[in-house]
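Participant: One structure is given below, represented as structure tokens, and several questions about it will come after.
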Amino acid sequence: MKLSLFLGCVLLSILVAASGHTFDSRLDEDWKSWKSQHEKQYTEEEETHRRSIWEDNVRYIELHNLEYSMGKHTFTVGMNEFGDLTDEEFNERMNGFLPIEADNSTEEVDGDELGEDVESDGGDDELDEDVESDGGDDELDKERNDDLRRVYVDWRTKGYVTPVKNQGSCGSCWAFSATGAIEGQWYRKTKKLISLSEQNLLDCSGSFGNHGCRGGWMSYAFNYVIRAGGINSARDYPYTAKGGICKFQRTRVAARIRGYRRVRRSRKYLARAVRRIGPIAVAVDAGGPFRWYKRGIYRNRRCKNHRVTHAVLVVGYGRQGRWWRRRWYWLVKNSWGTGWGDRGYIKMAMTVRRDCGITRHAIYPIV
């Protein structure tokens, strides 16, 4: 009996050592609480694997926030529903913007009321790598009458923005970015804020170049809405987080657009478009700590401006901090639910060169 027990303990020790899984018992209750909160259920074998990933992510978050308290970061991070995913799994599941197709796209529908103010070609006005403007050298401050209306833009307060949505385990961020931009412009024209159907785009825009939960691009979504003669509301065409057969109802169109326009790749021109037009669809590099963002101004020096992966919506901009260290930021609406970030939003650094590519693929519809 004792020998069997001894051999059993030895075998267990070998298996644990071989698998490399030694869990921190101090996190047992936190693990149980996290699983309950996010309704996670695993097989016994899967739980070992997911617990290991989750603990690695807990340690990463704790270290980042410790460094934040030491002044090494401008934002905090926190555990969320993605805690049991590796970076690779997360990127494959949640980031559905297709940068290669976007870079190769040449189709564009004109009709912009701002014309060359927004679209004209030319050199970028990026700052040096590690410079964050205090205001004096910022292009935004070169305009006259720099009052609160110019310094702070937040289209949520004007009725242009629907509540934060959740794309679920589907790479449909492009659809949420597209509907967010249309919702804002439709409100601008009609003064009616209508939540539009991402599922409509998911199911019906495949022939225009999008790939459902496997990714897409906002201009292809806009092309579909133009050709289809409109888009249904989220109420009439509810979201399922998976692709299906197109069920577009021509008799229940909730909004229409007649074109779209890209914004020149410059923070100055993007800020001008946000201020004059409304919410703008954009794409960013959402790798690294982006998925853990909680508070503050997100600045990731490892961001790749040329390799954006996730579509979001810029709904404003502003600046915060003491007068001697004011930082400009973009106010961005995400589609990962209100449990992510600051109730579903993130503030992203504006006056830095590594801006995660936010100015690279800015686009908006014309109603």
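Residue numbering restarts at 1 for every chain of the structure tokens, chains are lettered A, B, ... in their displayed order, and ligands are numbered from 1 as they appear.
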From the DSSP assignment of the backbone, select every residue of segment 151-282 of chain A that is strand (DSSP E or B), and format the answer as a CSV table (one decimal) with all heavy atoms, in the first residue's frame.

Facilitator:
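Once written, states00.csv looks like this:
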```csv
chain,number,residue,atom,x,y,z
A,153,VAL,N,-12.8,66.8,-28.7
A,153,VAL,CA,-13.8,66.3,-29.5
A,153,VAL,C,-14.3,65.0,-29.0
A,153,VAL,O,-13.5,64.1,-28.9
A,153,VAL,CB,-13.4,66.2,-31.0
A,153,VAL,CG1,-14.5,65.7,-31.9
A,153,VAL,CG2,-12.9,67.6,-31.5
A,154,ASP,N,-15.6,64.9,-28.8
A,154,ASP,CA,-16.2,63.6,-28.3
A,154,ASP,C,-17.6,63.5,-28.9
A,154,ASP,O,-18.5,64.1,-28.4
A,154,ASP,CB,-16.2,63.6,-26.8
A,154,ASP,CG,-16.7,62.2,-26.3
A,154,ASP,OD1,-17.2,61.4,-27.0
A,154,ASP,OD2,-16.6,62.0,-25.0
A,166,ASN,N,-20.1,43.9,-29.0
A,166,ASN,CA,-19.2,42.9,-28.7
A,166,ASN,C,-19.2,41.9,-29.9
A,166,ASN,O,-20.2,41.3,-30.2
A,166,ASN,CB,-19.5,42.1,-27.4
A,166,ASN,CG,-18.4,41.2,-27.0
A,166,ASN,OD1,-17.6,40.8,-27.7
A,166,ASN,ND2,-18.4,40.9,-25.7
A,196,LEU,N,-26.8,49.7,-36.4
A,196,LEU,CA,-26.9,49.0,-37.7
A,196,LEU,C,-26.4,47.6,-37.6
A,196,LEU,O,-25.7,47.2,-36.6
A,196,LEU,CB,-26.2,49.8,-38.8
A,196,LEU,CG,-26.7,51.2,-39.0
A,196,LEU,CD1,-25.8,51.9,-40.0
A,196,LEU,CD2,-28.2,51.1,-39.5
A,216,GLY,N,-11.8,41.2,-42.9
A,216,GLY,CA,-12.4,42.0,-44.0
A,216,GLY,C,-11.8,43.5,-43.9
A,216,GLY,O,-10.9,43.8,-43.2
A,231,ILE,N,-28.5,49.2,-45.6
A,231,ILE,CA,-28.2,48.2,-44.6
A,231,ILE,C,-29.3,48.1,-43.6
A,231,ILE,O,-30.0,49.1,-43.4
A,231,ILE,CB,-26.9,48.6,-43.9
A,231,ILE,CG1,-26.4,47.5,-42.9
A,231,ILE,CG2,-26.9,50.0,-43.3
A,231,ILE,CD1,-25.1,47.7,-42.3
A,232,ASN,N,-29.6,46.9,-43.1
A,232,ASN,CA,-30.6,46.7,-42.1
A,232,ASN,C,-30.1,47.2,-40.7
A,232,ASN,O,-29.0,47.3,-40.5
A,232,ASN,CB,-31.0,45.3,-42.1
A,232,ASN,CG,-31.8,44.8,-43.3
A,232,ASN,OD1,-31.7,43.6,-43.7
A,232,ASN,ND2,-32.4,45.7,-44.1
A,233,SER,N,-31.1,47.3,-39.8
A,233,SER,CA,-30.8,47.6,-38.5
A,233,SER,C,-30.4,46.3,-37.7
A,233,SER,O,-30.7,45.2,-38.1
A,233,SER,CB,-32.0,48.2,-37.8
A,233,SER,OG,-33.0,47.3,-37.5
A,253,VAL,N,-34.7,48.8,-45.0
A,253,VAL,CA,-33.4,49.5,-45.0
A,253,VAL,C,-33.4,50.5,-43.9
A,253,VAL,O,-34.4,51.3,-43.7
A,253,VAL,CB,-33.1,50.2,-46.3
A,253,VAL,CG1,-32.0,51.2,-46.2
A,253,VAL,CG2,-32.8,49.1,-47.4
A,254,ALA,N,-32.4,50.5,-43.0
A,254,ALA,CA,-32.3,51.5,-41.9
A,254,ALA,C,-31.4,52.6,-42.2
A,254,ALA,O,-31.5,53.7,-41.6
A,254,ALA,CB,-31.8,50.7,-40.7
A,255,ALA,N,-30.4,52.5,-43.2
A,255,ALA,CA,-29.5,53.6,-43.5
A,255,ALA,C,-28.9,53.3,-44.9
A,255,ALA,O,-28.8,52.2,-45.3
A,255,ALA,CB,-28.4,53.7,-42.5
A,259,GLY,N,-21.3,56.9,-51.0
A,259,GLY,CA,-19.9,56.8,-51.3
A,259,GLY,C,-19.1,56.7,-50.0
A,259,GLY,O,-19.6,56.6,-48.9
A,260,TYR,N,-17.8,56.8,-50.2
A,260,TYR,CA,-16.9,56.8,-49.0
A,260,TYR,C,-15.6,57.5,-49.5
A,260,TYR,O,-15.3,57.7,-50.6
A,260,TYR,CB,-16.6,55.4,-48.5
A,260,TYR,CG,-16.0,54.5,-49.5
A,260,TYR,CD1,-14.6,54.4,-49.6
A,260,TYR,CD2,-16.7,53.6,-50.3
A,260,TYR,CE1,-14.0,53.6,-50.5
A,260,TYR,CE2,-16.1,52.8,-51.2
A,260,TYR,CZ,-14.7,52.7,-51.3
A,260,TYR,OH,-14.2,51.9,-52.2
A,261,ARG,N,-14.8,57.9,-48.5
A,261,ARG,CA,-13.6,58.6,-48.7
A,261,ARG,C,-12.5,58.2,-47.8
A,261,ARG,O,-12.8,58.0,-46.6
A,261,ARG,CB,-13.9,60.1,-48.6
A,261,ARG,CG,-12.8,61.0,-49.1
A,261,ARG,CD,-12.8,61.0,-50.7
A,261,ARG,NE,-11.9,62.1,-51.2
A,261,ARG,CZ,-11.7,62.3,-52.5
A,261,ARG,NH1,-12.3,61.6,-53.4
A,261,ARG,NH2,-10.9,63.3,-52.9
A,262,ARG,N,-11.3,58.1,-48.2
A,262,ARG,CA,-10.2,57.8,-47.4
A,262,ARG,C,-9.6,59.2,-46.9
A,262,ARG,O,-9.7,60.2,-47.5
A,262,ARG,CB,-9.1,57.0,-48.1
A,262,ARG,CG,-9.6,55.6,-48.4
A,262,ARG,CD,-8.4,54.8,-49.0
A,262,ARG,NE,-8.9,53.4,-49.3
A,262,ARG,CZ,-9.4,53.0,-50.4
A,262,ARG,NH1,-9.6,53.9,-51.4
A,262,ARG,NH2,-9.8,51.8,-50.6
A,280,ILE,N,-14.7,58.3,-37.3
A,280,ILE,CA,-14.0,57.8,-38.5
A,280,ILE,C,-13.5,56.3,-38.3
A,280,ILE,O,-12.9,56.0,-37.2
A,280,ILE,CB,-12.7,58.7,-38.8
A,280,ILE,CG1,-13.1,60.1,-38.9
A,280,ILE,CG2,-12.0,58.2,-40.0
A,280,ILE,CD1,-13.9,60.5,-40.1
A,281,ALA,N,-13.7,55.5,-39.3
A,281,ALA,CA,-13.3,54.1,-39.2
A,281,ALA,C,-11.8,54.0,-39.4
A,281,ALA,O,-11.3,54.6,-40.4
A,281,ALA,CB,-14.0,53.2,-40.2
A,282,VAL,N,-11.1,53.3,-38.6
A,282,VAL,CA,-9.6,53.2,-38.7
A,282,VAL,C,-9.2,51.8,-38.4
A,282,VAL,O,-10.0,50.9,-38.0
A,282,VAL,CB,-8.9,54.2,-37.8
A,282,VAL,CG1,-9.2,55.6,-38.1
A,282,VAL,CG2,-9.2,53.8,-36.3
```

Participant: With a distance cut-off of 12 Å and only C-alpha atoms, select the neighbouring residues of Arg227 of chain A, excluding the residue or stretch itself and same-chain residues fewer than 6 positions from it, and output the selection as a ChimeraX atom specification.

Facilitator: /A:109,204-205,207-208,220-221,250,256-259

Participant: Which residues are close to segment 48-57 of chain A, i.e. within 7 Å by only C-alpha atoms, leaving aside same-chain residues fewer than 4 positions away? Reply as a list in words.

Facilitator: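 Answer for this query is His21, Glu44, Ile61, Gly83, Asp84, Leu85 and Thr86 of chain A.
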
Participant: With only C-alpha atoms as the atoms that count, which of A:Phe23, A:Tyr187, A:Trp174, A:Phe82 lies nearest to Thr162 of chain A?

Facilitator: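 Using only C-alpha atoms, the shortest distance to Thr162 of chain A belongs to A:Tyr187.
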
Participant: Would you mind reading off the distance between atom CA of Leu63 of chain A and atom CA of Asp87 of chain A, one decimal, in Å?

Facilitator: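 Atom CA of Asp87 of chain A lies 17.0 Å from atom CA of Leu63 of chain A.
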
Participant: Just the alpha helix (DSSP H) stuff from segment 176-212 of chain A, please, per backbone DSSP, written as a short mmCIF file (atom, residue, chain, number, x, y, z; two decimals) with N, CA, C and O atoms, in the first residue's frame.

Facilitator:
```cif
data_model
loop_
_atom_site.label_atom_id
_atom_site.label_comp_id
_atom_site.auth_asym_id
_atom_site.auth_seq_id
_atom_site.Cartn_x
_atom_site.Cartn_y
_atom_site.Cartn_z
N PHE A 176 -17.89 46.04 -37.50
CA PHE A 176 -18.26 46.97 -36.42
C PHE A 176 -17.69 48.36 -36.68
O PHE A 176 -18.34 49.37 -36.38
N SER A 177 -16.49 48.42 -37.21
CA SER A 177 -15.90 49.71 -37.56
C SER A 177 -16.73 50.39 -38.64
O SER A 177 -17.01 51.59 -38.57
N ALA A 178 -17.14 49.61 -39.63
CA ALA A 178 -17.94 50.16 -40.74
C ALA A 178 -19.31 50.64 -40.27
O ALA A 178 -19.74 51.75 -40.62
N THR A 179 -20.01 49.83 -39.48
CA THR A 179 -21.34 50.26 -39.02
C THR A 179 -21.23 51.48 -38.12
O THR A 179 -22.07 52.37 -38.17
N GLY A 180 -20.18 51.53 -37.28
CA GLY A 180 -20.01 52.68 -36.40
C GLY A 180 -19.87 53.97 -37.18
O GLY A 180 -20.45 55.01 -36.81
N ALA A 181 -19.12 53.92 -38.28
CA ALA A 181 -18.94 55.11 -39.11
C ALA A 181 -20.24 55.49 -39.81
O ALA A 181 -20.59 56.68 -39.90
N ILE A 182 -20.98 54.50 -40.31
CA ILE A 182 -22.26 54.79 -40.97
C ILE A 182 -23.27 55.33 -39.96
O ILE A 182 -24.02 56.28 -40.26
N GLU A 183 -23.32 54.74 -38.78
CA GLU A 183 -24.25 55.20 -37.74
C GLU A 183 -24.05 56.67 -37.44
O GLU A 183 -25.02 57.44 -37.31
N GLY A 184 -22.79 57.08 -37.35
CA GLY A 184 -22.50 58.48 -37.06
C GLY A 184 -22.93 59.42 -38.17
O GLY A 184 -23.56 60.47 -37.92
N GLN A 185 -22.66 59.05 -39.42
CA GLN A 185 -23.03 59.91 -40.54
C GLN A 185 -24.54 59.91 -40.80
O GLN A 185 -25.10 60.91 -41.22
N TRP A 186 -25.19 58.77 -40.51
CA TRP A 186 -26.65 58.74 -40.65
C TRP A 186 -27.31 59.64 -39.61
O TRP A 186 -28.29 60.33 -39.91
N TYR A 187 -26.74 59.64 -38.41
CA TYR A 187 -27.27 60.54 -37.37
C TYR A 187 -27.03 61.99 -37.77
O TYR A 187 -27.90 62.85 -37.55
N ARG A 188 -25.90 62.25 -38.35
CA ARG A 188 -25.58 63.62 -38.77
C ARG A 188 -26.62 64.14 -39.75
O ARG A 188 -27.00 65.32 -39.71
N LYS A 189 -27.12 63.26 -40.61
CA LYS A 189 -28.08 63.67 -41.63
C LYS A 189 -29.50 63.67 -41.11
O LYS A 189 -30.29 64.59 -41.41
N THR A 190 -29.87 62.66 -40.31
CA THR A 190 -31.28 62.47 -39.94
C THR A 190 -31.61 62.79 -38.49
O THR A 190 -32.79 62.87 -38.13
N GLU A 198 -24.17 44.49 -38.10
CA GLU A 198 -22.89 43.90 -38.50
C GLU A 198 -23.12 42.55 -39.17
O GLU A 198 -22.37 42.17 -40.08
N GLN A 199 -24.15 41.82 -38.74
CA GLN A 199 -24.43 40.51 -39.32
C GLN A 199 -24.81 40.64 -40.79
O GLN A 199 -24.47 39.78 -41.60
N ASN A 200 -25.49 41.72 -41.12
CA ASN A 200 -25.84 42.00 -42.51
C ASN A 200 -24.57 42.06 -43.36
O ASN A 200 -24.49 41.46 -44.44
N LEU A 201 -23.56 42.76 -42.86
CA LEU A 201 -22.28 42.86 -43.57
C LEU A 201 -21.55 41.53 -43.57
O LEU A 201 -20.94 41.14 -44.57
N LEU A 202 -21.60 40.84 -42.45
CA LEU A 202 -20.90 39.56 -42.30
C LEU A 202 -21.42 38.54 -43.32
O LEU A 202 -20.64 37.82 -43.96
N ASP A 203 -22.73 38.49 -43.47
CA ASP A 203 -23.36 37.48 -44.33
C ASP A 203 -23.38 37.87 -45.81
O ASP A 203 -23.40 36.97 -46.67
N CYS A 204 -23.41 39.16 -46.10
CA CYS A 204 -23.75 39.59 -47.46
C CYS A 204 -22.63 40.25 -48.25
O CYS A 204 -22.79 40.47 -49.46
#
```

Participant: Quick one: residues within 9 Å of Ile346 of chain A, only C-alpha atoms, excluding same-chain residues fewer than 4 positions away - as a list in words?

Facilitator: Tyr293, Lys294, Arg295, Gly296, Ile297, Tyr298, Trp330, Leu331, Val332, Lys333, Asn334, Gly341 and Asp342 of chain A

Participant: For the selection you just gave me, I'd like the residues written to a file as a compact mmCIF listing (two decimals), in the first residue's frame, keeping all heavy atoms.

Facilitator:
```
# COMPACT_ATOMS: atom_id res chain seq x y z
N TYR A 293 -5.49 46.44 -22.16
CA TYR A 293 -5.63 47.85 -21.79
C TYR A 293 -6.77 48.08 -20.80
O TYR A 293 -7.85 47.49 -20.91
CB TYR A 293 -5.88 48.70 -23.04
CG TYR A 293 -6.26 50.13 -22.74
CD1 TYR A 293 -5.29 51.08 -22.45
CD2 TYR A 293 -7.59 50.51 -22.70
CE1 TYR A 293 -5.64 52.40 -22.15
CE2 TYR A 293 -7.96 51.81 -22.40
CZ TYR A 293 -6.98 52.76 -22.14
OH TYR A 293 -7.34 54.05 -21.83
N LYS A 294 -6.52 49.00 -19.84
CA LYS A 294 -7.53 49.33 -18.84
C LYS A 294 -7.74 50.83 -18.72
O LYS A 294 -8.85 51.32 -18.85
CB LYS A 294 -7.13 48.75 -17.49
CG LYS A 294 -8.30 48.59 -16.52
CD LYS A 294 -9.30 47.57 -17.05
CE LYS A 294 -10.52 47.41 -16.15
NZ LYS A 294 -11.52 46.51 -16.75
N ARG A 295 -6.71 51.58 -18.41
CA ARG A 295 -6.83 53.03 -18.20
C ARG A 295 -5.57 53.74 -18.70
O ARG A 295 -4.53 53.14 -18.86
CB ARG A 295 -7.00 53.38 -16.71
CG ARG A 295 -8.24 52.83 -16.04
CD ARG A 295 -9.51 53.59 -16.43
NE ARG A 295 -10.63 53.20 -15.59
CZ ARG A 295 -11.36 52.10 -15.77
NH1 ARG A 295 -11.05 51.29 -16.78
NH2 ARG A 295 -12.38 51.81 -14.98
N GLY A 296 -5.71 55.06 -18.92
CA GLY A 296 -4.56 55.87 -19.31
C GLY A 296 -4.47 56.03 -20.82
O GLY A 296 -5.39 55.69 -21.57
N ILE A 297 -3.35 56.57 -21.29
CA ILE A 297 -3.13 56.77 -22.72
C ILE A 297 -2.21 55.66 -23.23
O ILE A 297 -1.06 55.55 -22.81
CB ILE A 297 -2.52 58.16 -23.00
CG1 ILE A 297 -3.51 59.25 -22.57
CG2 ILE A 297 -2.18 58.30 -24.48
CD1 ILE A 297 -2.99 60.65 -22.78
N TYR A 298 -2.73 54.86 -24.13
CA TYR A 298 -2.01 53.71 -24.64
C TYR A 298 -0.88 54.15 -25.56
O TYR A 298 -1.11 54.76 -26.60
CB TYR A 298 -2.96 52.78 -25.38
CG TYR A 298 -2.31 51.53 -25.93
CD1 TYR A 298 -2.08 50.44 -25.11
CD2 TYR A 298 -1.92 51.46 -27.26
CE1 TYR A 298 -1.49 49.28 -25.61
CE2 TYR A 298 -1.34 50.31 -27.77
CZ TYR A 298 -1.12 49.22 -26.94
OH TYR A 298 -0.53 48.09 -27.43
N TRP A 330 -6.14 59.92 -29.09
CA TRP A 330 -7.34 59.60 -29.86
C TRP A 330 -8.30 58.87 -28.94
O TRP A 330 -7.88 57.99 -28.18
CB TRP A 330 -7.02 58.68 -31.04
CG TRP A 330 -6.02 59.20 -32.02
CD1 TRP A 330 -4.73 58.77 -32.20
CD2 TRP A 330 -6.23 60.23 -33.00
NE1 TRP A 330 -4.12 59.48 -33.21
CE2 TRP A 330 -5.02 60.37 -33.72
CE3 TRP A 330 -7.33 61.03 -33.32
CZ2 TRP A 330 -4.88 61.29 -34.75
CZ3 TRP A 330 -7.18 61.96 -34.35
CH2 TRP A 330 -5.98 62.08 -35.05
N LEU A 331 -9.57 59.18 -29.00
CA LEU A 331 -10.59 58.45 -28.24
C LEU A 331 -11.18 57.41 -29.18
O LEU A 331 -11.80 57.75 -30.19
CB LEU A 331 -11.67 59.41 -27.74
CG LEU A 331 -12.82 58.77 -26.94
CD1 LEU A 331 -12.29 58.09 -25.68
CD2 LEU A 331 -13.85 59.84 -26.57
N VAL A 332 -10.99 56.14 -28.84
CA VAL A 332 -11.31 55.05 -29.76
C VAL A 332 -12.34 54.09 -29.16
O VAL A 332 -12.19 53.63 -28.03
CB VAL A 332 -10.02 54.27 -30.11
CG1 VAL A 332 -10.33 53.07 -31.00
CG2 VAL A 332 -9.01 55.20 -30.80
N LYS A 333 -13.35 53.78 -29.95
CA LYS A 333 -14.37 52.81 -29.58
C LYS A 333 -13.98 51.44 -30.13
O LYS A 333 -13.73 51.29 -31.33
CB LYS A 333 -15.74 53.23 -30.14
CG LYS A 333 -16.87 52.26 -29.81
CD LYS A 333 -18.15 52.65 -30.54
CE LYS A 333 -19.31 51.72 -30.20
NZ LYS A 333 -20.53 52.03 -31.02
N ASN A 334 -13.96 50.44 -29.25
CA ASN A 334 -13.63 49.08 -29.67
C ASN A 334 -14.91 48.24 -29.74
O ASN A 334 -16.00 48.71 -29.39
CB ASN A 334 -12.63 48.46 -28.69
CG ASN A 334 -11.87 47.30 -29.29
OD1 ASN A 334 -12.11 46.90 -30.43
ND2 ASN A 334 -10.94 46.75 -28.54
N GLY A 341 -11.09 47.24 -21.56
CA GLY A 341 -10.64 48.62 -21.55
C GLY A 341 -11.41 49.51 -20.59
O GLY A 341 -11.88 49.07 -19.54
N ASP A 342 -11.56 50.76 -20.96
CA ASP A 342 -12.30 51.73 -20.15
C ASP A 342 -13.74 51.73 -20.63
O ASP A 342 -14.13 52.54 -21.46
CB ASP A 342 -11.67 53.12 -20.30
CG ASP A 342 -12.27 54.15 -19.36
OD1 ASP A 342 -13.24 53.80 -18.64
OD2 ASP A 342 -11.80 55.29 -19.34
```

Participant: Could you check which of A:Met70, A:Gly339, A:Tyr345, A:Val312 is closest to Gly357 of chain A, using only C-alpha atoms?

Facilitator: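 For Gly357 of chain A, the nearest of the candidates is A:Val312.
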
Participant: Counting only C-alpha atoms, figure out which residue out of A:Ala175, A:Cys356, A:Leu313, A:Ala234 gets nearest to Val274 of chain A.

Facilitator: A:Leu313

Participant: Rank A:Ala311, A:Leu270, A:Val58, A:Ala349 by their smallest atom-to-atom distance to Trp34 of chain A, using only C-alpha atoms, and report the top residue only.

Facilitator: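 Using only C-alpha atoms, Trp34 of chain A sits closest to A:Val58.
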
Participant: Smallest atom-to-atom distance to Asp236 of chain A: which of A:Ile194, A:Ala271, A:Val263, A:Met94, using only C-alpha atoms?

Facilitator: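 Looking only at the distances to Asp236 of chain A, the closest residue turns out to be A:Ile194.
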
Participant: When you draw a straight line from atom CA of Gly206 of chain A to atom CA of Gly344 of chain A, how long is it in Å?

Facilitator: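 Value for the atom CA of Gly206 of chain A-atom CA of Gly344 of chain A distance: 27.7 Å.
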
Participant: Could you check the closest approach to Gly287 of chain A for each of A:Asn80, A:Ser266, A:Asn210, A:Asn95 and tell me which residue wins, using only C-alpha atoms?

Facilitator: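 Between A:Asn80, A:Ser266, A:Asn210, A:Asn95, the residue approaching Gly287 of chain A most closely is A:Asn95.
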